[in-house]
Each structure stands twice: as structure tokens, then as C-alpha cells.
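Visitor: Handing over structure-v2.txt, compact mmCIF, C-alpha atoms.
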```
# COMPACT_ATOMS: atom_id res chain seq x y z
CA MET O 1 194.82 -27.29 -19.83
CA GLY O 2 192.40 -26.84 -16.96
CA THR O 3 193.04 -25.48 -13.48
CA PRO O 4 191.82 -26.60 -10.04
CA LEU O 5 189.52 -23.55 -9.97
CA GLY O 6 188.05 -24.27 -13.41
CA ASP O 7 187.64 -27.95 -12.60
CA PHE O 8 185.75 -27.14 -9.42
CA VAL O 9 183.37 -24.66 -11.08
CA ARG O 10 182.65 -27.08 -13.91
CA ALA O 11 182.13 -30.02 -11.52
CA LYS O 12 179.70 -28.02 -9.39
CA ARG O 13 177.84 -26.77 -12.46
CA ASP O 14 177.50 -30.33 -13.76
CA SER O 15 176.15 -31.52 -10.40
CA ILE O 16 173.30 -28.98 -10.20
CA GLN O 17 169.85 -29.79 -11.56
CA PRO O 18 168.29 -26.64 -13.12
CA GLU O 19 164.97 -27.32 -11.40
CA SER O 20 166.63 -27.05 -7.98
CA LEU O 21 167.36 -23.39 -8.76
CA GLY O 22 163.92 -22.70 -10.20
CA LEU O 23 165.19 -22.81 -13.80
CA PRO O 24 163.37 -24.56 -16.66
CA ASP O 25 164.57 -27.95 -17.85
CA HIS O 26 165.84 -27.50 -21.41
CA GLY O 27 165.50 -31.17 -22.23
CA ARG O 28 168.12 -33.71 -23.17
CA ARG O 29 171.67 -32.34 -23.34
CA ARG O 30 175.13 -33.73 -24.08
CA SER O 31 176.29 -33.02 -20.51
CA PRO O 32 174.38 -33.05 -17.21
CA GLY O 33 173.63 -30.19 -14.86
CA LEU O 34 173.42 -26.46 -15.30
CA ARG O 35 174.18 -24.87 -18.66
CA ARG O 36 177.01 -22.35 -18.88
CA LEU O 37 174.49 -19.83 -20.17
CA ASP O 38 172.33 -20.17 -17.06
CA LEU O 39 175.26 -20.02 -14.62
CA ALA O 40 176.75 -17.00 -16.36
CA ALA O 41 173.41 -15.21 -16.20
CA ARG O 42 173.00 -15.98 -12.50
CA ALA O 43 176.55 -14.76 -11.76
CA GLY O 44 176.29 -11.66 -13.94
CA ILE O 45 179.24 -12.55 -16.16
CA SER O 46 179.53 -13.41 -19.85
CA VAL O 47 179.41 -16.96 -21.16
CA GLU O 48 182.73 -16.33 -22.88
CA TYR O 49 184.40 -15.36 -19.59
CA LEU O 50 182.92 -18.37 -17.77
CA THR O 51 184.22 -20.63 -20.55
CA ARG O 52 187.72 -19.18 -20.23
CA LEU O 53 187.60 -19.66 -16.46
CA GLU O 54 186.49 -23.29 -16.67
CA GLN O 55 189.05 -24.11 -19.36
CA GLY O 56 191.90 -22.50 -17.40
CA ARG O 57 192.50 -19.67 -19.84
CA ASP O 58 191.67 -17.09 -17.16
CA ARG O 59 193.41 -17.63 -13.82
CA ASN O 60 192.75 -14.40 -11.94
CA PRO O 61 189.04 -13.74 -11.37
CA SER O 62 188.25 -10.75 -9.22
CA VAL O 63 186.94 -11.13 -5.68
CA ALA O 64 183.54 -9.92 -6.92
CA VAL O 65 183.42 -12.64 -9.58
CA VAL O 66 184.40 -15.33 -7.08
CA HIS O 67 181.62 -14.24 -4.72
CA ALA O 68 179.14 -14.04 -7.61
CA LEU O 69 179.98 -17.59 -8.71
CA ALA O 70 179.65 -18.85 -5.13
CA ASP O 71 176.19 -17.28 -4.90
CA ALA O 72 175.16 -18.52 -8.35
CA LEU O 73 176.21 -22.07 -7.50
CA SER O 74 174.55 -21.88 -4.04
CA LEU O 75 177.77 -23.08 -2.39
CA THR O 76 177.85 -24.13 1.24
CA PRO O 77 180.25 -22.31 3.60
CA ALA O 78 182.79 -25.16 3.28
CA GLU O 79 182.54 -25.07 -0.52
CA ARG O 80 183.02 -21.29 -0.48
CA ASP O 81 186.21 -21.69 1.55
CA HIS O 82 187.44 -24.26 -0.94
CA LEU O 83 186.60 -22.00 -3.88
CA ARG O 84 188.61 -19.15 -2.33
CA TYR O 85 191.56 -21.48 -1.73
CA LEU O 86 191.50 -22.77 -5.30
CA THR O 87 191.37 -19.17 -6.55
CA LYS O 88 194.59 -18.45 -4.65
CA ILE O 89 196.54 -21.44 -5.93
CA THR O 90 195.23 -21.02 -9.48
CA GLY O 91 196.24 -17.36 -9.48
CA GLY O 92 199.72 -18.15 -8.23
CA GLU O 93 199.50 -16.84 -4.65
CA CYS O 94 200.49 -20.28 -3.35
CA THR O 95 202.66 -21.34 -6.26
CA ALA O 96 205.58 -23.57 -5.38
CA HIS O 97 209.05 -22.19 -6.20
CA HIS O 98 210.94 -25.35 -5.26
CA ARG O 99 210.74 -29.00 -6.11
CA PRO O 100 208.06 -31.04 -4.28
CA VAL O 101 209.15 -31.93 -0.75
CA PRO O 102 207.76 -33.89 2.19
CA PRO O 103 206.25 -31.86 5.05
CA PRO O 104 207.80 -31.28 8.48
CA ARG O 105 206.56 -33.89 10.94
CA GLU O 106 207.66 -32.56 14.33
CA VAL O 107 205.00 -32.09 17.00
CA ARG O 108 205.50 -29.30 19.54
CA PRO O 109 206.15 -30.41 23.13
CA THR O 110 203.11 -28.50 24.41
CA VAL O 111 200.90 -30.31 21.89
CA LEU O 112 202.31 -33.65 23.06
CA ARG O 113 201.56 -32.65 26.66
CA THR O 114 198.00 -31.80 25.64
CA LEU O 115 197.68 -35.16 23.89
CA ARG O 116 198.91 -36.93 27.03
CA LEU O 117 196.13 -35.28 29.04
CA LEU O 118 193.59 -36.91 26.74
CA GLU O 119 194.60 -40.45 27.76
CA PRO O 120 192.95 -42.94 27.78
CA GLY O 121 190.89 -41.29 25.07
CA ILE O 122 191.22 -41.84 21.33
CA ALA O 123 193.22 -38.91 19.96
CA ALA O 124 195.95 -38.19 17.42
CA VAL O 125 197.89 -35.33 15.87
CA THR O 126 197.69 -35.42 12.08
CA ASN O 127 198.29 -33.24 9.04
CA ARG O 128 196.19 -32.88 5.89
CA LEU O 129 198.29 -35.44 4.06
CA GLY O 130 197.03 -38.04 6.54
CA ASP O 131 200.27 -38.50 8.52
CA VAL O 132 199.56 -39.72 12.05
CA LEU O 133 202.29 -37.78 13.86
CA ALA O 134 201.44 -38.67 17.45
CA ARG O 135 198.70 -40.67 19.11
CA THR O 136 197.42 -41.80 22.46
CA GLY O 137 197.41 -45.36 23.72
CA GLY O 138 193.64 -45.26 23.23
CA PHE O 139 194.12 -44.51 19.52
CA GLU O 140 196.59 -47.40 19.22
CA ALA O 141 194.17 -49.75 20.96
CA VAL O 142 191.29 -48.91 18.64
CA MET O 143 193.48 -49.16 15.52
CA ASP O 144 195.26 -52.34 16.63
CA GLY O 145 194.77 -55.10 14.09
CA THR O 146 193.35 -52.79 11.41
CA GLY O 147 196.60 -52.41 9.45
CA LEU O 148 196.84 -48.64 9.82
CA LEU O 149 199.82 -48.84 12.20
CA ASP O 150 201.42 -52.00 10.76
CA ALA O 151 204.21 -50.17 8.94
CA ASP O 152 205.15 -48.26 12.07
CA ASP O 153 208.81 -49.32 12.17
CA GLY O 154 210.20 -45.86 12.71
CA GLY O 155 208.24 -44.35 9.84
CA THR O 156 205.03 -42.38 9.90
CA PRO O 157 201.66 -44.12 9.58
CA ASN O 158 199.53 -42.43 6.94
CA LEU O 159 195.74 -42.63 6.89
CA THR O 160 195.37 -41.48 3.28
CA ARG O 161 197.76 -44.14 1.98
CA TYR O 162 196.00 -46.74 4.12
CA VAL O 163 192.54 -45.78 2.86
CA PHE O 164 193.49 -45.97 -0.81
CA THR O 165 195.99 -48.85 -0.89
CA ASP O 166 195.18 -51.29 1.93
CA PRO O 167 192.18 -53.59 1.30
CA ARG O 168 191.57 -53.79 5.05
CA ALA O 169 190.47 -50.13 5.02
CA ARG O 170 187.32 -51.02 3.10
CA THR O 171 186.40 -53.45 5.84
CA LEU O 172 187.30 -51.11 8.71
CA PHE O 173 185.44 -48.04 7.47
CA ALA O 174 181.74 -48.80 7.10
CA ASP O 175 181.40 -45.60 5.07
CA TRP O 176 184.59 -46.03 3.05
CA ASP O 177 183.49 -43.75 0.20
CA ASP O 178 182.91 -40.84 2.58
CA VAL O 179 186.29 -41.39 4.26
CA ALA O 180 188.03 -41.61 0.88
CA ASP O 181 186.32 -38.38 -0.24
CA ALA O 182 187.53 -36.61 2.90
CA GLN O 183 191.13 -37.81 2.60
CA ALA O 184 191.37 -36.82 -1.08
CA PHE O 185 189.78 -33.42 -0.42
CA ASP O 186 192.21 -32.69 2.40
CA LEU O 187 195.18 -33.10 0.06
CA TRP O 188 194.25 -29.74 -1.46
CA HIS O 189 194.78 -28.20 1.98
CA ALA O 190 198.12 -29.83 2.76
CA PRO O 191 200.75 -27.87 4.73
CA SER O 192 202.01 -26.46 1.41
CA VAL O 193 201.53 -26.87 -2.32
CA GLU O 194 204.99 -28.46 -2.47
CA ASN O 195 203.97 -31.05 0.13
CA SER O 196 200.72 -31.87 -1.68
CA GLU O 197 202.51 -32.30 -5.02
CA TRP O 198 205.14 -34.54 -3.42
CA PHE O 199 202.61 -36.78 -1.68
CA THR O 200 200.14 -36.99 -4.55
CA ALA O 201 202.88 -37.91 -7.03
CA GLU O 202 204.06 -40.64 -4.65
CA LEU O 203 200.60 -42.04 -3.88
CA ALA O 204 198.78 -41.75 -7.22
CA PRO O 205 200.42 -44.74 -8.98
CA ALA O 206 199.38 -47.09 -6.16
CA ALA O 207 196.00 -45.50 -5.45
CA GLY O 208 194.92 -45.22 -9.09
CA PRO O 209 191.64 -43.69 -10.28
CA GLU O 210 189.94 -43.97 -6.87
CA LEU O 211 192.21 -41.11 -5.77
CA THR O 212 192.57 -39.08 -8.96
CA ARG O 213 188.84 -39.08 -9.65
CA ARG O 214 188.14 -37.67 -6.20
CA LEU O 215 190.92 -35.10 -6.42
CA HIS O 216 189.50 -33.55 -9.56
CA ARG O 217 185.88 -33.72 -8.42
CA HIS O 218 186.48 -31.27 -5.54
CA ALA O 219 183.54 -32.64 -3.57
CA VAL O 220 183.47 -31.12 -0.06
CA PRO O 221 183.04 -34.24 2.09
CA ARG O 222 180.49 -35.10 4.72
CA ARG O 223 182.11 -35.59 8.13
CA GLY O 224 179.43 -37.19 10.26
CA ILE O 225 179.65 -40.14 12.62
CA LEU O 226 182.69 -42.33 11.93
CA ARG O 227 181.65 -45.99 11.84
CA LEU O 228 184.40 -48.56 12.33
CA ARG O 229 183.94 -52.31 11.89
CA HIS O 230 186.57 -53.26 14.43
CA PRO O 231 188.47 -56.55 13.94
CA SER O 232 187.56 -57.60 17.49
CA GLY O 233 183.88 -57.65 16.57
CA PRO O 234 181.93 -54.53 17.56
CA GLU O 235 180.99 -51.71 15.23
CA LEU O 236 182.19 -48.50 16.84
CA ARG O 237 180.28 -45.28 16.26
CA LEU O 238 182.58 -42.34 16.97
CA GLU O 239 182.09 -38.58 16.87
CA ARG O 240 184.99 -36.43 15.67
CA GLU O 241 186.23 -33.19 17.18
CA THR O 242 189.12 -31.42 15.42
CA LEU O 243 191.28 -28.63 16.81
CA GLU O 244 193.26 -26.81 14.12
CA LEU O 245 196.89 -26.12 15.01
CA GLU O 246 197.29 -23.50 12.30
CA ALA O 247 200.85 -22.46 13.14
CA ASP O 248 201.99 -26.06 12.61
CA ALA O 249 199.64 -26.97 9.73
CA GLN O 250 198.45 -29.85 11.92
CA GLN O 251 195.25 -30.95 13.64
CA LEU O 252 194.47 -32.51 16.98
CA VAL O 253 191.72 -35.05 16.29
CA VAL O 254 189.69 -36.57 19.11
CA LEU O 255 187.30 -39.49 18.58
CA LEU O 256 184.48 -39.76 21.11
CA PRO O 257 182.10 -42.71 21.55
CA ALA O 258 178.72 -41.74 20.07
CA ASP O 259 176.70 -44.13 22.25
CA GLU O 260 176.96 -46.33 25.33
CA GLU O 261 177.75 -49.47 23.34
CA ALA O 262 180.70 -47.77 21.67
CA ALA O 263 181.86 -46.37 25.03
CA ARG O 264 181.93 -49.85 26.58
CA ALA O 265 183.76 -51.32 23.59
CA VAL O 266 186.37 -48.54 23.61
CA GLU O 267 186.92 -49.01 27.34
CA ARG O 268 187.59 -52.72 26.84
CA LEU O 269 189.99 -52.05 23.96
CA ALA O 270 191.90 -49.22 25.64
CA ARG O 271 192.36 -50.71 29.11
CA PRO O 272 195.72 -52.47 28.47
CA ARG O 273 197.31 -49.43 26.77
CA GLN O 274 196.45 -46.52 29.06
CA GLY O 275 199.18 -43.91 29.27
CA ARG O 276 201.15 -45.16 26.28
CA LEU O 277 201.68 -42.00 24.21
CA ARG O 278 203.47 -42.43 20.88
CA ALA O 279 204.98 -39.62 18.79
CA ILE O 280 206.66 -39.78 15.40
CA SER O 281 209.34 -37.22 14.56
```
Could you render the structure from this file as C-alpha cells?

Guide:
Amino acid sequence: MGTPLGDFVRAKRDSIQPESLGLPDHGRRRSPGLRRLDLAARAGISVEYLTRLEQGRDRNPSVAVVHALADALSLTPAERDHLRYLTKITGGECTAHHRPVPPPREVRPTVLRTLRLLEPGIAAVTNRLGDVLARTGGFEAVMDGTGLLDADDGGTPNLTRYVFTDPRARTLFADWDDVADAQAFDLWHAPSVENSEWFTAELAPAAGPELTRRLHRHAVPRRGILRLRHPSGPELRLERETLELEADAQQLVVLLPADEEAARAVERLARPRQGRLRAIS
């Protein structure tokens, strides 16, 4: 049985063309990408050890081996961070000792006060599972009619569930595949392993292979301009700024108009809802 660490290394190896690393093309092969032999040589480890690592038979590589693999695979800084995290959970440093549980959803009063200062801007407090824990009136205005907040009857809206189970998400997000990649990737970095297991087990039956395929691919997502096809007509181009609230395992996400057209559209949408802060707890 494989491990998240082994799956990631194998997926990255399969995605690399030998020529991109200055290695000869060995011709047609049964599987794509870099051969184990070539990766092992670049990392300075044996093929046998690399095989055990990818197959999940070795779960505790040394720090030196992890760094060597990161160099050999030419990982980006974000991919290196993910590799280190997967090494921890594979080795048991983050192993859950209790049954899967939902995460805490309270937002600190000072964070809510900060969010209120951002009105009438588009901002929300979220966690890595996709829960929208608090939001400004501007956020509500932009998401009105999209379906994201429709189930908000005392519960917690969830962006990840919306992306993978609501057909309206594919219309709203012009770059749906990129958004889906990001939401699946973030599940690995949920508030705790227990929380991730709980949420994934709950969501997977409804989300199907679109979610599970992305989970096991471990592709670090692109997070460029967010393009929304708003139900009212305009396409909104929004830039994202994220402030990590590490003590709470939450994030303060602010969406900023990327151009004048988006700024005018956001102003029209947000005008009736200014000052209407909403928190879920």
C-alpha cells in the first residue's frame, strides 16, 4: 500500500521529461516521465531504496534524502514545502490518535473586527477544508446568486464542496480546473489530519474521481488571477491576498479587483450590502 509521500514522488517523477533535465531519451517505455534509475542517480540513493519509498515500504527518509529528492526533482519552493509536510504525516509525526472529527469553526473577535474594517471589500475567513467561517457584505454581494451561500441556513458554506458537487461552480469559475486543483491540494493542509480524514470521507462519495484523482496527484496549484463569470453578467478578474492565521489554522482571504472594469462591477454589486458582516460559529 502506498503513502502520500510515495505517491507524490512517483507522480512528480512521471511528470518530468528526461530532456528537461538534460538526460537522454531512452525511447518508448511502459510509463511516462523519468526512470527510477535516473532519479535515484540524481538523488544519490539506490534504486532499491527509491522503490521502497515510492511503494510505501519505507516511511522515514532522512532529512538529507528528502532534500536530495527535492533537488533531483527540481521542485519549486511550494512543492518542497509539500514534500516536507508529506514526509511528516507519512512518518507518523502528524498521525491521528482519535477518530476523524470536524474542525473548530470559531473566529476570534479580533479577527472579526479586522474583517469589519475591510468593508465594503470582498473578504472572508476560511480554513483549508474550504469552510467560509465569516465574510463581509462585499463577499456576500459578489457570491449572491452563485449557489455558494445557498445552504447558509445556520450551517457553514463550504467552497470545496461547492466546487466539486454544485454544477453552478463550473459556470462561475472560468478556470474551474485550477480552482479544483487548489481546493483538493489544500485538504492535505487542513487544520489537522483528523479533520482532513473526516471531511474527505464525507465529500468523496459525492465528489467522485474529480476529487480523488486530484488528491493523489499532489499537484501544487497555480493561484493567479481569479476569474468569475458572475450571474449578473460581467466577468470579474480578482487578485487574491491571503493572510495566514496560523494559531487558528485559518486564513483571511481578500479579493481585490484586478482592473477598472472589475472595480466598477464590484462597486455596483456591493453597494446595497455595505457593512453587513456575517460570521458562522

Visitor: What gap, in Å, lies between atom CA of O:Arg170 and atom CA of O:His216?

Guide: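 The value is 21.7 Å.
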
Visitor: Which polymer residues have any atom within 6 Å of an atom of O:Leu236, counting all atoms listed in the file, with same-chain residues fewer than 5 positions away left out, as a PyMOL selection string?

Guide: chain O and resi 227-228+262

Visitor: Using all atoms listed in the file, which residue out of O:Lys88, O:Pro77, O:Gly6, O:Pro103 lies closest to O:Asp58?

Guide: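 Of all the options, O:Gly6 lies closest to O:Asp58.
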
Visitor: What are the nearest atom pairs, with distances in Å to one decimal, for all residues of stretch 30-127 of chain O that come at most 12 Å from stretch 246-249 of chain O, using all atoms listed in the file, set out by chain and rising residue number as CSV?

Guide:
```
residue,atom,partner,partner_atom,distance
O:Pro103,CA,O:Ala249,CA,9.5
O:Pro104,CA,O:Asp248,CA,8.8
O:Arg105,CA,O:Asp248,CA,9.2
O:Glu106,CA,O:Asp248,CA,8.8
O:Val107,CA,O:Asp248,CA,8.0
O:Arg108,CA,O:Asp248,CA,8.4
O:Val111,CA,O:Asp248,CA,10.3
O:Val125,CA,O:Ala249,CA,10.5
O:Thr126,CA,O:Ala249,CA,9.0
O:Asn127,CA,O:Ala249,CA,6.5
```

Visitor: Give me the residues near O:Tyr85 as a PyMOL selection string, where near means some atom within 9 Å (using all atoms listed in the file) and where sequence neighbours in that chain fewer than 5 positions away do not count.

Guide: chain O and resi 5+80+90+188-189
